[in-house]
file structure-v7.txt (compact mmCIF, C-alpha atoms)
# COMPACT_ATOMS: atom_id res chain seq x y z
CA ALA K 1 10.15 -27.73 -10.81
CA THR K 2 8.13 -30.23 -8.80
CA SER K 3 7.15 -30.66 -5.17
CA HIS K 4 5.36 -33.27 -3.11
CA ALA K 5 2.98 -32.26 -0.32
CA THR K 6 2.04 -34.52 2.58
CA GLY K 7 -0.37 -33.09 5.13
CA ASN K 8 0.99 -29.66 5.90
CA SER K 9 4.61 -30.36 4.99
CA THR K 10 6.30 -29.98 1.65
CA THR K 11 9.26 -31.79 0.17
CA ARG K 12 10.64 -29.88 -2.82
CA MET K 13 12.00 -32.19 -5.53
CA SER K 14 13.76 -29.37 -7.43
CA THR K 15 14.24 -25.64 -7.01
CA PRO K 16 12.00 -23.43 -9.17
CA ARG K 17 13.37 -20.42 -10.97
CA ASN K 18 12.78 -17.12 -9.27
CA ARG K 19 12.91 -13.60 -10.66
CA GLY K 20 12.25 -10.25 -9.05
CA VAL K 21 12.17 -6.47 -9.51
CA ILE K 22 15.46 -4.92 -8.39
CA TYR K 23 16.18 -1.25 -7.62
CA MET K 24 19.20 -0.26 -9.71
CA GLY K 25 19.54 3.39 -8.76
CA PRO K 26 17.41 6.53 -9.15
CA GLY K 27 14.85 6.09 -11.91
CA LYS K 28 15.79 2.52 -12.78
CA VAL K 29 14.50 -0.95 -11.93
CA GLU K 30 15.28 -4.28 -13.58
CA VAL K 31 13.78 -7.75 -13.54
CA GLN K 32 16.59 -10.14 -12.63
CA ASP K 33 17.11 -13.76 -11.70
CA ILE K 34 17.25 -14.07 -7.92
CA ALA K 35 17.64 -16.89 -5.42
CA TYR K 36 14.67 -19.02 -4.50
CA PRO K 37 13.49 -18.05 -0.99
CA VAL K 38 14.59 -19.89 2.13
CA LEU K 39 12.97 -20.04 5.55
CA SER K 40 15.47 -17.69 7.16
CA LEU K 41 16.73 -14.12 7.20
CA GLY K 42 20.48 -14.30 7.44
CA GLU K 43 21.22 -16.40 10.54
CA ARG K 44 17.66 -15.96 11.80
CA LYS K 45 15.67 -19.15 11.27
CA CYS K 46 12.05 -18.74 10.15
CA ASN K 47 10.57 -22.18 10.66
CA HIS K 48 7.33 -20.32 11.37
CA GLY K 49 7.30 -19.05 7.76
CA VAL K 50 5.93 -20.12 4.40
CA ILE K 51 7.07 -19.69 0.82
CA LEU K 52 4.46 -18.26 -1.51
CA LYS K 53 4.08 -18.64 -5.24
CA VAL K 54 3.14 -15.02 -5.92
CA VAL K 55 -0.22 -14.63 -7.66
CA ALA K 56 -0.36 -10.83 -7.62
CA THR K 57 2.00 -8.14 -6.33
CA ASN K 58 1.44 -4.42 -6.75
CA ILE K 59 3.53 -1.35 -7.46
CA CYS K 60 3.04 1.17 -4.64
CA GLY K 61 3.69 4.87 -4.33
CA SER K 62 5.99 4.03 -1.42
CA ASP K 63 8.13 2.02 -3.84
CA GLN K 64 8.28 5.08 -6.08
CA HIS K 65 9.80 7.17 -3.28
CA MET K 66 12.75 4.77 -3.27
CA VAL K 67 12.99 4.47 -7.04
CA ARG K 68 13.06 8.26 -7.38
CA GLY K 69 16.12 8.29 -5.14
CA ARG K 70 14.31 10.00 -2.29
CA THR K 71 15.42 7.54 0.38
CA THR K 72 18.63 5.79 1.39
CA ALA K 73 17.58 2.57 -0.37
CA PRO K 74 20.63 0.64 -1.58
CA VAL K 75 21.13 -0.47 -5.18
CA GLY K 76 20.22 -4.14 -5.46
CA LEU K 77 17.17 -3.97 -3.17
CA LEU K 78 14.44 -6.46 -4.12
CA LEU K 79 11.27 -4.36 -4.16
CA GLY K 80 7.66 -5.02 -3.29
CA HIS K 81 5.47 -5.20 -0.18
CA GLU K 82 1.96 -5.76 -1.58
CA ILE K 83 1.72 -9.54 -1.87
CA THR K 84 -1.01 -12.09 -2.58
CA GLY K 85 0.03 -15.67 -3.21
CA GLU K 86 -0.52 -19.40 -3.03
CA VAL K 87 1.29 -21.31 -0.29
CA ALA K 88 3.95 -23.50 -1.94
CA GLU K 89 5.94 -24.59 1.12
CA VAL K 90 5.43 -24.39 4.87
CA GLY K 91 7.93 -24.36 7.69
CA PRO K 92 7.88 -27.08 10.34
CA ASP K 93 6.43 -24.73 12.97
CA VAL K 94 3.46 -23.59 10.85
CA GLU K 95 0.26 -25.03 12.30
CA PHE K 96 -2.77 -23.57 10.51
CA VAL K 97 -1.78 -22.23 7.08
CA ARG K 98 -1.82 -25.06 4.54
CA VAL K 99 -0.04 -25.81 1.29
CA GLY K 100 -2.32 -24.60 -1.53
CA ASP K 101 -4.02 -21.84 0.49
CA LEU K 102 -4.49 -18.52 -1.30
CA VAL K 103 -3.50 -15.74 1.10
CA SER K 104 -3.15 -12.00 1.43
CA VAL K 105 -0.01 -10.79 3.21
CA PRO K 106 -0.03 -7.51 5.19
CA PHE K 107 2.82 -5.28 4.07
CA ASN K 108 3.93 -4.81 7.66
CA ILE K 109 5.61 -7.87 9.14
CA ALA K 110 4.56 -8.73 12.68
CA CYS K 111 5.58 -11.43 15.14
CA GLY K 112 2.25 -11.71 16.95
CA ARG K 113 4.08 -12.10 20.25
CA CYS K 114 5.37 -8.69 21.37
CA SER K 115 3.39 -6.17 23.44
CA ASN K 116 2.60 -4.02 20.42
CA CYS K 117 1.31 -6.94 18.36
CA LYS K 118 -0.83 -8.08 21.29
CA GLU K 119 -2.37 -4.59 21.34
CA GLY K 120 -3.09 -4.73 17.60
CA LYS K 121 -0.28 -2.32 16.70
CA THR K 122 1.20 -4.62 14.06
CA GLY K 123 2.76 -1.74 12.11
CA ILE K 124 5.26 -1.25 14.93
CA CYS K 125 6.16 -4.81 15.91
CA LEU K 126 9.11 -4.87 18.29
CA ASN K 127 10.72 -8.12 17.12
CA VAL K 128 11.13 -7.87 13.35
CA ASN K 129 13.56 -5.00 12.84
CA PRO K 130 16.70 -4.51 14.95
CA ALA K 131 16.93 -0.83 13.95
CA ARG K 132 13.50 0.38 15.06
CA PRO K 133 9.90 -0.77 15.60
CA GLY K 134 8.12 -1.97 12.46
CA ALA K 135 9.17 -3.89 9.37
CA ALA K 136 8.03 -4.41 5.79
CA TYR K 137 8.96 -6.48 2.77
CA GLY K 138 11.39 -4.94 0.29
CA TYR K 139 11.69 -1.54 1.93
CA VAL K 140 14.64 0.55 3.06
CA ASP K 141 15.37 0.54 6.82
CA MET K 142 12.50 -1.86 7.45
CA GLY K 143 14.34 -4.91 8.70
CA GLY K 144 16.02 -6.32 5.60
CA TRP K 145 13.16 -8.62 4.61
CA LEU K 146 13.18 -9.50 0.91
CA GLY K 147 10.54 -7.92 -1.32
CA GLY K 148 7.61 -9.60 -2.98
CA GLN K 149 7.69 -8.24 -6.53
CA ALA K 150 8.93 -11.66 -7.51
CA GLU K 151 7.79 -15.10 -8.53
CA TYR K 152 8.30 -16.51 -5.01
CA VAL K 153 8.65 -14.89 -1.58
CA MET K 154 9.11 -15.98 2.02
CA VAL K 155 6.54 -14.83 4.60
CA PRO K 156 7.55 -15.19 8.29
CA TYR K 157 5.19 -15.83 11.21
CA ALA K 158 2.75 -17.23 8.67
CA ASP K 159 0.01 -18.34 11.05
CA PHE K 160 -0.23 -14.78 12.34
CA ASN K 161 0.45 -12.76 9.17
CA CYS K 162 -1.40 -14.63 6.41
CA LEU K 163 -5.07 -13.91 5.74
CA VAL K 164 -6.40 -17.10 4.15
CA PHE K 165 -9.21 -16.58 1.66
CA PRO K 166 -12.08 -18.90 2.60
CA ASN K 167 -12.90 -20.07 -0.94
CA LYS K 168 -10.04 -20.13 -3.42
CA ASP K 169 -12.18 -20.18 -6.58
CA LYS K 170 -14.40 -17.31 -5.45
CA ALA K 171 -11.32 -15.42 -4.31
CA MET K 172 -9.76 -15.70 -7.77
CA ASP K 173 -12.92 -14.17 -9.25
CA LYS K 174 -12.30 -11.17 -6.94
CA ILE K 175 -8.51 -11.22 -7.10
CA LEU K 176 -8.23 -7.73 -8.63
CA ASP K 177 -9.91 -6.37 -5.50
CA LEU K 178 -8.42 -8.78 -2.98
CA THR K 179 -4.84 -8.03 -4.06
CA LEU K 180 -5.37 -4.54 -2.64
CA LEU K 181 -5.85 -5.91 0.90
CA SER K 182 -2.10 -6.15 1.46
CA ASP K 183 -1.72 -2.37 1.68
CA ILE K 184 -3.61 0.38 -0.07
CA PHE K 185 -7.20 -0.55 0.79
CA PRO K 186 -6.54 -0.98 4.53
CA THR K 187 -4.18 2.02 4.46
CA GLY K 188 -6.80 4.26 2.86
CA TYR K 189 -9.46 2.91 5.19
CA HIS K 190 -7.20 3.48 8.20
CA GLY K 191 -6.68 7.08 7.14
CA ALA K 192 -10.44 7.58 7.00
CA VAL K 193 -11.15 5.81 10.30
CA THR K 194 -8.44 7.66 12.21
CA ALA K 195 -9.66 10.99 10.83
CA GLY K 196 -13.10 10.20 12.26
CA VAL K 197 -15.03 9.66 9.04
CA THR K 198 -18.54 8.38 9.73
CA THR K 199 -22.13 8.65 8.50
CA GLY K 200 -22.75 12.13 7.12
CA SER K 201 -19.17 13.39 7.31
CA THR K 202 -17.73 15.97 4.96
CA VAL K 203 -14.21 14.89 4.06
CA TYR K 204 -11.18 16.22 2.22
CA VAL K 205 -8.73 13.65 0.82
CA ALA K 206 -5.40 15.11 -0.28
CA GLY K 207 -3.99 13.11 -3.18
CA ALA K 208 -5.69 11.12 -5.94
CA GLY K 209 -3.04 8.46 -6.34
CA PRO K 210 -4.00 4.87 -5.55
CA VAL K 211 -3.94 5.34 -1.76
CA GLY K 212 -5.95 8.56 -2.05
CA LEU K 213 -8.51 6.89 -4.28
CA ALA K 214 -8.69 3.91 -1.90
CA CYS K 215 -9.18 6.33 0.97
CA ALA K 216 -11.93 8.21 -0.88
CA CYS K 217 -13.67 4.93 -1.64
CA SER K 218 -13.32 3.98 2.03
CA CYS K 219 -14.90 7.27 3.10
CA LEU K 220 -17.95 6.48 0.98
CA LEU K 221 -18.04 2.94 2.42
CA LEU K 222 -18.05 4.49 5.91
CA GLY K 223 -21.03 6.69 5.00
CA ALA K 224 -19.48 10.10 4.27
CA ALA K 225 -21.94 12.58 2.78
CA VAL K 226 -19.36 14.48 0.74
CA VAL K 227 -15.86 13.36 -0.28
CA ILE K 228 -13.65 16.05 -1.82
CA VAL K 229 -10.40 14.90 -3.45
CA GLY K 230 -7.57 17.32 -4.21
CA ASP K 231 -4.70 16.77 -6.65
CA LEU K 232 -2.70 18.38 -9.45
CA ASN K 233 -3.26 15.52 -11.89
CA LYS K 234 -6.41 15.93 -13.99
CA ASP K 235 -6.60 12.26 -15.01
CA ARG K 236 -6.47 11.17 -11.40
CA LEU K 237 -9.10 13.73 -10.46
CA GLU K 238 -11.35 12.35 -13.20
CA GLN K 239 -10.84 8.89 -11.72
CA ALA K 240 -11.99 10.20 -8.32
CA LYS K 241 -15.03 11.81 -9.93
CA SER K 242 -15.94 8.51 -11.64
CA PHE K 243 -17.12 6.95 -8.37
CA GLY K 244 -18.84 9.93 -6.80
CA CYS K 245 -16.16 12.21 -5.36
CA HIS K 246 -15.87 15.96 -5.84
CA PRO K 247 -12.51 16.79 -7.48
CA VAL K 248 -10.58 19.98 -6.73
CA ASP K 249 -7.48 21.09 -8.62
CA VAL K 250 -5.03 22.41 -6.05
CA SER K 251 -2.92 24.01 -8.80
CA SER K 252 -5.82 26.37 -9.56
CA SER K 253 -5.56 30.07 -8.79
CA VAL K 254 -8.75 29.61 -6.77
CA SER K 255 -7.77 28.76 -3.21
CA LEU K 256 -8.50 25.34 -1.73
CA GLN K 257 -10.79 26.93 0.88
CA ASP K 258 -12.82 28.71 -1.82
CA GLN K 259 -13.16 25.53 -3.88
CA ILE K 260 -14.37 23.63 -0.82
CA SER K 261 -16.77 26.45 0.03
CA ALA K 262 -18.27 26.23 -3.46
CA ILE K 263 -18.92 22.51 -2.99
CA LEU K 264 -20.29 22.79 0.56
CA GLY K 265 -22.59 25.76 -0.05
CA GLY K 266 -20.51 28.43 1.61
CA VAL K 267 -18.80 26.31 4.26
CA ALA K 268 -15.02 26.42 3.81
CA GLU K 269 -14.13 23.69 6.30
CA VAL K 270 -14.65 19.93 6.37
CA ASP K 271 -15.25 17.60 9.31
CA CYS K 272 -12.21 15.43 8.57
CA SER K 273 -9.21 15.41 6.27
CA ILE K 274 -6.69 12.79 5.21
CA ASP K 275 -3.16 13.29 3.87
CA CYS K 276 -2.57 10.63 1.21
CA VAL K 277 0.40 12.46 -0.36
CA GLY K 278 3.26 12.48 2.13
CA PHE K 279 6.67 14.08 2.01
CA GLU K 280 6.93 14.71 -1.75
CA ALA K 281 4.04 17.19 -1.64
CA ARG K 282 3.89 20.11 -4.03
CA GLY K 283 2.59 23.58 -3.38
CA CYS K 284 -0.82 25.02 -4.20
CA GLY K 285 -1.72 27.60 -6.82
CA HIS K 286 1.31 29.36 -8.27
CA ASP K 287 3.60 27.14 -6.15
CA ALA K 288 2.27 23.92 -7.69
CA HIS K 289 5.43 23.48 -9.77
CA LYS K 290 7.72 23.11 -6.76
CA GLU K 291 7.98 20.84 -3.75
CA VAL K 292 6.65 22.17 -0.46
CA PRO K 293 7.04 19.21 1.92
CA ALA K 294 4.60 20.44 4.59
CA GLN K 295 1.99 21.78 2.15
CA VAL K 296 -0.59 19.05 2.60
CA LEU K 297 -0.34 18.97 6.39
CA ASN K 298 -0.67 22.75 6.60
CA SER K 299 -3.57 22.74 4.13
CA CYS K 300 -5.37 20.05 6.14
CA MET K 301 -5.11 22.14 9.29
CA ALA K 302 -6.43 25.17 7.43
CA ILE K 303 -9.50 23.46 6.00
CA THR K 304 -10.46 21.09 8.83
CA LYS K 305 -12.97 22.39 11.37
CA ALA K 306 -12.03 22.98 15.00
CA GLY K 307 -12.09 19.68 16.81
CA GLY K 308 -11.76 17.71 13.58
CA GLY K 309 -9.45 14.81 12.83
CA ILE K 310 -6.56 14.57 10.40
CA GLY K 311 -5.46 11.11 9.29
CA ILE K 312 -1.93 10.88 7.89
CA PRO K 313 -1.36 7.62 5.99
CA GLY K 314 0.88 9.52 3.56
CA LEU K 315 4.52 8.54 4.06
CA TYR K 316 6.96 10.83 5.88
CA VAL K 317 10.58 9.75 6.24
CA THR K 318 13.33 10.37 8.76
CA ASP K 319 15.82 11.07 5.95
CA ASP K 320 15.10 12.52 2.49
CA PRO K 321 18.50 12.92 0.79
CA GLY K 322 16.89 13.94 -2.51
CA SER K 323 15.05 16.96 -1.12
CA LYS K 324 16.07 20.46 -2.19
CA ASP K 325 15.03 21.66 1.28
CA SER K 326 17.98 21.25 3.66
CA GLN K 327 15.68 20.85 6.66
CA ALA K 328 13.51 18.25 4.93
CA GLN K 329 16.62 16.18 4.19
CA THR K 330 16.60 15.19 7.86
CA GLY K 331 12.83 14.96 8.18
CA ASN K 332 12.23 18.47 9.53
CA LEU K 333 9.22 20.24 8.02
CA SER K 334 7.93 23.82 8.24
CA LEU K 335 4.76 22.75 9.98
CA ARG K 336 2.24 25.31 11.25
CA LEU K 337 1.49 23.21 14.31
CA GLY K 338 0.19 26.21 16.25
CA LEU K 339 -2.84 26.31 13.97
CA GLY K 340 -3.63 22.65 14.56
CA TRP K 341 -3.18 23.13 18.29
CA ALA K 342 -5.46 26.19 18.34
CA LYS K 343 -8.15 24.23 16.48
CA SER K 344 -7.77 21.17 18.76
CA HIS K 345 -7.10 18.88 15.83
CA THR K 346 -6.38 15.20 16.30
CA PHE K 347 -3.46 13.81 14.24
CA VAL K 348 -2.87 10.10 13.62
CA THR K 349 0.32 9.09 11.83
CA GLY K 350 2.30 5.97 11.02
CA GLN K 351 1.96 2.70 9.17
CA CYS K 352 -1.50 1.22 8.88
CA PRO K 353 -1.91 -1.83 11.15
CA VAL K 354 -3.31 -3.87 8.26
CA MET K 355 -4.58 -6.73 10.40
CA GLN K 356 -7.04 -4.43 12.16
CA TYR K 357 -8.97 -4.11 8.91
CA HIS K 358 -8.10 -6.70 6.27
CA ARG K 359 -10.56 -9.43 7.25
CA GLN K 360 -13.51 -7.02 7.39
CA LEU K 361 -12.54 -5.45 4.07
CA MET K 362 -12.15 -8.93 2.53
CA MET K 363 -15.75 -9.66 3.51
CA ALA K 364 -16.93 -6.36 2.03
CA ILE K 365 -15.23 -7.34 -1.25
CA LEU K 366 -16.48 -10.93 -1.31
CA TYR K 367 -20.07 -9.83 -0.67
CA ASP K 368 -20.04 -7.00 -3.23
CA LYS K 369 -20.22 -4.07 -0.83
CA VAL K 370 -17.27 -2.33 -2.49
CA ASN K 371 -15.47 -2.39 -5.84
CA ILE K 372 -12.06 -1.12 -4.85
CA ALA K 373 -10.30 -2.34 -8.02
CA LYS K 374 -12.56 -0.15 -10.14
CA ALA K 375 -12.08 2.83 -7.85
CA VAL K 376 -8.28 2.73 -8.12
CA ASN K 377 -8.32 1.59 -11.78
CA VAL K 378 -6.32 -1.64 -11.52
CA GLN K 379 -4.25 -2.59 -14.56
CA VAL K 380 -2.66 -6.04 -14.67
CA ILE K 381 0.79 -6.31 -16.26
CA SER K 382 3.45 -9.01 -16.42
CA LEU K 383 6.50 -9.12 -14.17
CA ASP K 384 8.66 -8.31 -17.21
CA ASP K 385 6.63 -5.13 -17.73
CA ALA K 386 7.39 -3.87 -14.21
CA PRO K 387 9.95 -1.26 -15.42
CA ARG K 388 7.32 0.23 -17.74
CA GLY K 389 4.78 0.17 -14.91
CA TYR K 390 7.16 2.14 -12.70
CA GLN K 391 7.79 4.66 -15.48
CA ASP K 392 4.10 5.16 -16.24
CA PHE K 393 3.21 5.45 -12.56
CA ASP K 394 5.95 8.03 -12.07
CA LYS K 395 4.51 10.05 -14.96
CA GLY K 396 1.17 10.22 -13.14
CA ALA K 397 -0.85 7.44 -14.74
CA ALA K 398 -4.28 7.19 -13.11
CA LYS K 399 -3.82 3.43 -12.63
CA LYS K 400 -2.86 0.90 -9.99
CA PHE K 401 -0.37 -1.50 -11.55
CA VAL K 402 -0.71 -5.13 -10.46
CA LEU K 403 2.07 -7.53 -11.46
CA ASP K 404 1.06 -11.04 -12.53
CA PRO K 405 4.38 -12.96 -12.20
CA HIS K 406 3.13 -16.39 -13.34
CA GLY K 407 0.25 -15.29 -15.59
CA ILE K 408 -2.19 -16.82 -13.09
CA VAL K 409 -4.46 -13.77 -12.93
CA ARG K 410 -4.74 -13.32 -16.70
CA GLY K 411 -5.14 -17.08 -17.14
CA HIS K 412 -8.04 -17.18 -14.68
CA PHE K 413 -9.95 -14.41 -16.42
CA ASN K 414 -9.10 -15.69 -19.90
CA LYS K 415 -10.86 -18.96 -19.04
CA LYS K 416 -13.94 -16.90 -18.24
CA GLY K 417 -13.74 -15.01 -21.52
CA ILE K 418 -12.64 -11.79 -19.79
CA LYS K 419 -9.69 -9.93 -21.27
CA LEU K 420 -7.63 -7.83 -18.90

call {"tool": "encode", "arguments": {"input": "structure-v7.txt", "output": "structure tokens"}}
result
Amino acid sequence: ATSHATGNSTTRMSTPRNRGVIYMGPGKVEVQDIAYPVLSLGERKCNHGVILKVVATNICGSDQHMVRGRTTAPVGLLLGHEITGEVAEVGPDVEFVRVGDLVSVPFNIACGRCSNCKEGKTGICLNVNPARPGAAYGYVDMGGWLGGQAEYVMVPYADFNCLVFPNKDKAMDKILDLTLLSDIFPTGYHGAVTAGVTTGSTVYVAGAGPVGLACACSCLLLGAAVVIVGDLNKDRLEQAKSFGCHPVDVSSSVSLQDQISAILGGVAEVDCSIDCVGFEARGCGHDAHKEVPAQVLNSCMAITKAGGGIGIPGLYVTDDPGSKDSQAQTGNLSLRLGLGWAKSHTFVTGQCPVMQYHRQLMMAILYDKVNIAKAVNVQVISLDDAPRGYQDFDKGAAKKFVLDPHGIVRGHFNKKGIKL
């Protein structure tokens, strides 16, 4: 495949091969040949878009919800919403993004023109999904945009959506961190910010998966005095402990309040808490073996001080056909809202508006103020190994799997004598 670039336009001489990760039904994904992207979505022209050669694309816990059969995702869906890539082609209406730029792509697609986008609420853009506000790549009910766990992907509204890294060579040296800017680092940071985490805060983070670990790391970046991370998975709790967090095992017979009290010298409540688990939550103590969809939200209300904030970046869905709880199948949870009301808690829900944070977090990475890849334990794998990555992640691996579709990431570090 070859292409010829002139200025900011590209004439493709031949069509490159493209492959992607396809959802094939509960518990199964496959890497298949797929069509090379075009600058459109159905009949909708996207002359404002670019086509990226994907450098890194990550497996997310949100993808796992679909792969487990816990959503209405259709078989054949091209997965993936965490995308970092090199611009291969630009549409005729693209003005500032250039062929060859290395960019991070927010998982939520935004037009930059609607009232919500103009207010910075890019997670609920009004023009990118005919069904409801908000859209994302490769996700059920999120506008039909094709996913990015592929060799090439189309990104619409490129001038608005793409975060261009200022120095491509330096960015590649930090690519394991920068690839996390598309979702989990801003999402974790958003959870912390919306919960009110600041200098000296005591914080409880529910969930030690990649988003939970990114959130815990963000809390420390924001100056929290104590970050407590709760989970059932001992390996993930050890990962949280490795960068200065206090792990608590919520499957223990010792209550969450008592474990927090032991850490905080007799104080059983924290200033802020963040739900990084979502709708597939399990119970605490003797109920840890079964799903209790509202467990984390109810626990956060119980252990957050009066007047405290609760950030909820964990995903909750309108329909959960795989739930054993008939109410939860339609998004209804047994929430003890009266407790949160009595304690005057603040709740913030919804998709992270990535663009509110990604440039600042990029600068923190580039200037060595945070090592987010180490915190979430990034592991680079090939596109062909994606099915194994999904399986290992589903089994609870304490890793963040980053797909390297063209071998660019491994190739870069191999030249520097670093084996990934």

call {"tool": "atom_distance", "arguments": {"input": "structure-v7.txt", "atom1": "CA of Arg282 (chain K)", "atom2": "CA of Ala208 (chain K)"}}
result
13.3 Å

call {"tool": "closest_atom_pairs", "arguments": {"input": "structure-v7.txt", "of": "region 27-146 of chain K", "to": "region 378-392 of chain K", "cutoff": "8 Å", "atoms": "all atoms listed in the file", "output": "tab-separated table"}}
result
residue	atom	partner	partner_atom	distance
K:Lys28	CA	K:Pro387	CA	7.4
K:Val29	CA	K:Pro387	CA	5.7
K:Glu30	CA	K:Pro387	CA	6.4
K:Val31	CA	K:Asp384	CA	6.3
K:Ile59	CA	K:Tyr390	CA	7.3
K:Gln64	CA	K:Tyr390	CA	7.3

call {"tool": "closest_residue", "arguments": {"input": "structure-v7.txt", "among": "K:Asp258, K:Glu291, K:Asp93, K:Asp249", "to": "Asp235 (chain K)", "atoms": "all atoms listed in the file"}}
result
K:Asp249

call {"tool": "closest_atom_pairs", "arguments": {"input": "structure-v7.txt", "of": "region 2-69 of chain K", "to": "region 211-220 of chain K", "cutoff": "12 Å", "atoms": "all atoms listed in the file", "output": "Markdown table"}}
result
| residue | atom | partner | partner_atom | distance |
| --- | --- | --- | --- | --- |
| K:Ile59 | CA | K:Val211 | CA | 11.5 |
| K:Cys60 | CA | K:Val211 | CA | 8.6 |
| K:Gly61 | CA | K:Val211 | CA | 8.1 |
| K:Ser62 | CA | K:Val211 | CA | 10.0 |

call {"tool": "write_last_selection", "arguments": {"input": "structure-v7.txt", "atoms": "C-alpha atoms", "output": "compact mmCIF listing (two decimals), in the frame of the given file"}}
result
# COMPACT_ATOMS: atom_id res chain seq x y z
CA ILE K 59 3.53 -1.35 -7.46
CA CYS K 60 3.04 1.17 -4.64
CA GLY K 61 3.69 4.87 -4.33
CA SER K 62 5.99 4.03 -1.42

call {"tool": "closest_residue", "arguments": {"input": "structure-v7.txt", "among": "K:His48, K:Arg132, K:Lys400, K:His81", "to": "Ile372 (chain K)", "atoms": "only C-alpha atoms"}}
result
K:Lys400

call {"tool": "closest_residue", "arguments": {"input": "structure-v7.txt", "among": "K:Cys276, K:Met172, K:Ile124, K:Ala262", "to": "Asp101 (chain K)", "atoms": "only C-alpha atoms"}}
result
K:Met172

call {"tool": "atom_distance", "arguments": {"input": "structure-v7.txt", "atom1": "CA of Cys162 (chain K)", "atom2": "CA of Gln32 (chain K)"}}
result
26.6 Å

call {"tool": "closest_residue", "arguments": {"input": "structure-v7.txt", "among": "K:Leu176, K:Ile312, K:Val103, K:Ala110", "to": "Ala206 (chain K)", "atoms": "all atoms listed in the file"}}
result
K:Ile312

call {"tool": "residues_near_point", "arguments": {"input": "structure-v7.txt", "point": "(0.5, 7.0, 9.7)", "cutoff": "6 Å", "atoms": "all atoms listed in the file", "output": "MDAnalysis selection string"}}
result
chainID K and resid 312:313 349:351

call {"tool": "residues_around", "arguments": {"input": "structure-v7.txt", "residues": "Arg19 (chain K)", "least_positions_apart": "5", "cutoff": "6 Å", "atoms": "all atoms listed in the file", "output": "CSV table (one decimal) with C-alpha atoms, keeping the file's coordinate frame"}}
result
chain,number,residue,atom,x,y,z
K,32,GLN,CA,16.6,-10.1,-12.6
K,33,ASP,CA,17.1,-13.8,-11.7
K,34,ILE,CA,17.2,-14.1,-7.9
K,150,ALA,CA,8.9,-11.7,-7.5
K,151,GLU,CA,7.8,-15.1,-8.5

call {"tool": "closest_residue", "arguments": {"input": "structure-v7.txt", "among": "K:Val155, K:Cys46, K:Cys111, K:Val292", "to": "Gly134 (chain K)", "atoms": "only C-alpha atoms"}}
result
K:Cys111

call {"tool": "closest_residue", "arguments": {"input": "structure-v7.txt", "among": "K:Lys305, K:Pro405, K:Leu335, K:His358", "to": "Val21 (chain K)", "atoms": "all atoms listed in the file"}}
result
K:Pro405

call {"tool": "axis_aligned_box", "arguments": {"input": "structure-v7.txt", "around": "region 380-384 of chain K", "padding_each_side": "5 Å", "output": "AutoDock Vina command-line options"}}
result
--center_x 3.0 --center_y -7.6 --center_z -15.7 --size_x 21.3 --size_y 13.1 --size_z 13.0

call {"tool": "atom_distance", "arguments": {"input": "structure-v7.txt", "atom1": "CA of Leu78 (chain K)", "atom2": "CA of Gly148 (chain K)"}}
result
7.6 Å

call {"tool": "residues_around", "arguments": {"input": "structure-v7.txt", "residues": "Val38 (chain K)", "least_positions_apart": "5", "cutoff": "10 Å", "atoms": "only C-alpha atoms", "output": "mmCIF file with C-alpha atoms, in the frame of the given file"}}
result
data_model
loop_
_atom_site.group_PDB
_atom_site.id
_atom_site.type_symbol
_atom_site.label_atom_id
_atom_site.label_comp_id
_atom_site.auth_asym_id
_atom_site.auth_seq_id
_atom_site.Cartn_x
_atom_site.Cartn_y
_atom_site.Cartn_z
ATOM 1 C CA LYS K 45 15.670 -19.150 11.270
ATOM 2 C CA CYS K 46 12.050 -18.740 10.150
ATOM 3 C CA ASN K 47 10.570 -22.180 10.660
ATOM 4 C CA GLY K 49 7.300 -19.050 7.760
ATOM 5 C CA VAL K 50 5.930 -20.120 4.400
ATOM 6 C CA ILE K 51 7.070 -19.690 0.820
ATOM 7 C CA GLU K 89 5.940 -24.590 1.120
ATOM 8 C CA GLY K 91 7.930 -24.360 7.690
ATOM 9 C CA VAL K 153 8.650 -14.890 -1.580
ATOM 10 C CA MET K 154 9.110 -15.980 2.020
ATOM 11 C CA VAL K 155 6.540 -14.830 4.600
#

call {"tool": "residues_around", "arguments": {"input": "structure-v7.txt", "residues": "Gln329 (chain K)", "least_positions_apart": "2", "cutoff": "12 Å", "atoms": "only C-alpha atoms", "output": "list in words"}}
result
Arg70, Thr71, Thr72, Phe279, Glu280, Pro293, Tyr316, Val317, Thr318, Asp319, Asp320, Pro321, Gly322, Ser323, Lys324, Asp325, Ser326, Gln327, Gly331, Asn332 and Leu333 of chain K

call {"tool": "residues_near_point", "arguments": {"input": "structure-v7.txt", "point": "(1.6, -4.3, 11.7)", "cutoff": "8 Å", "atoms": "only C-alpha atoms", "output": "ChimeraX atom specification"}}
result
/K:106-110,117,120-125,134-135,351-355

call {"tool": "decode", "arguments": {"input": "structure-v7.txt", "residues": "region 92-105 of chain K", "atoms": "C-alpha atoms", "output": "JSON list (two decimals), in the first residue's frame"}}
result
[["chain", "number", "residue", "atom", "x", "y", "z"],
["K", 92, "PRO", "CA", -10.95, 18.09, 2.46],
["K", 93, "ASP", "CA", -12.49, 20.11, 5.30],
["K", 94, "VAL", "CA", -9.72, 19.38, 7.82],
["K", 95, "GLU", "CA", -7.72, 22.54, 8.45],
["K", 96, "PHE", "CA", -5.24, 22.00, 11.28],
["K", 97, "VAL", "CA", -4.52, 18.28, 11.74],
["K", 98, "ARG", "CA", -1.79, 17.19, 9.34],
["K", 99, "VAL", "CA", -0.81, 13.97, 7.62],
["K", 100, "GLY", "CA", 1.86, 12.32, 9.81],
["K", 101, "ASP", "CA", 0.66, 13.82, 13.10],
["K", 102, "LEU", "CA", 0.56, 11.45, 16.07],
["K", 103, "VAL", "CA", -2.72, 11.99, 17.91],
["K", 104, "SER", "CA", -4.79, 10.82, 20.84],
["K", 105, "VAL", "CA", -8.51, 10.39, 20.16]]
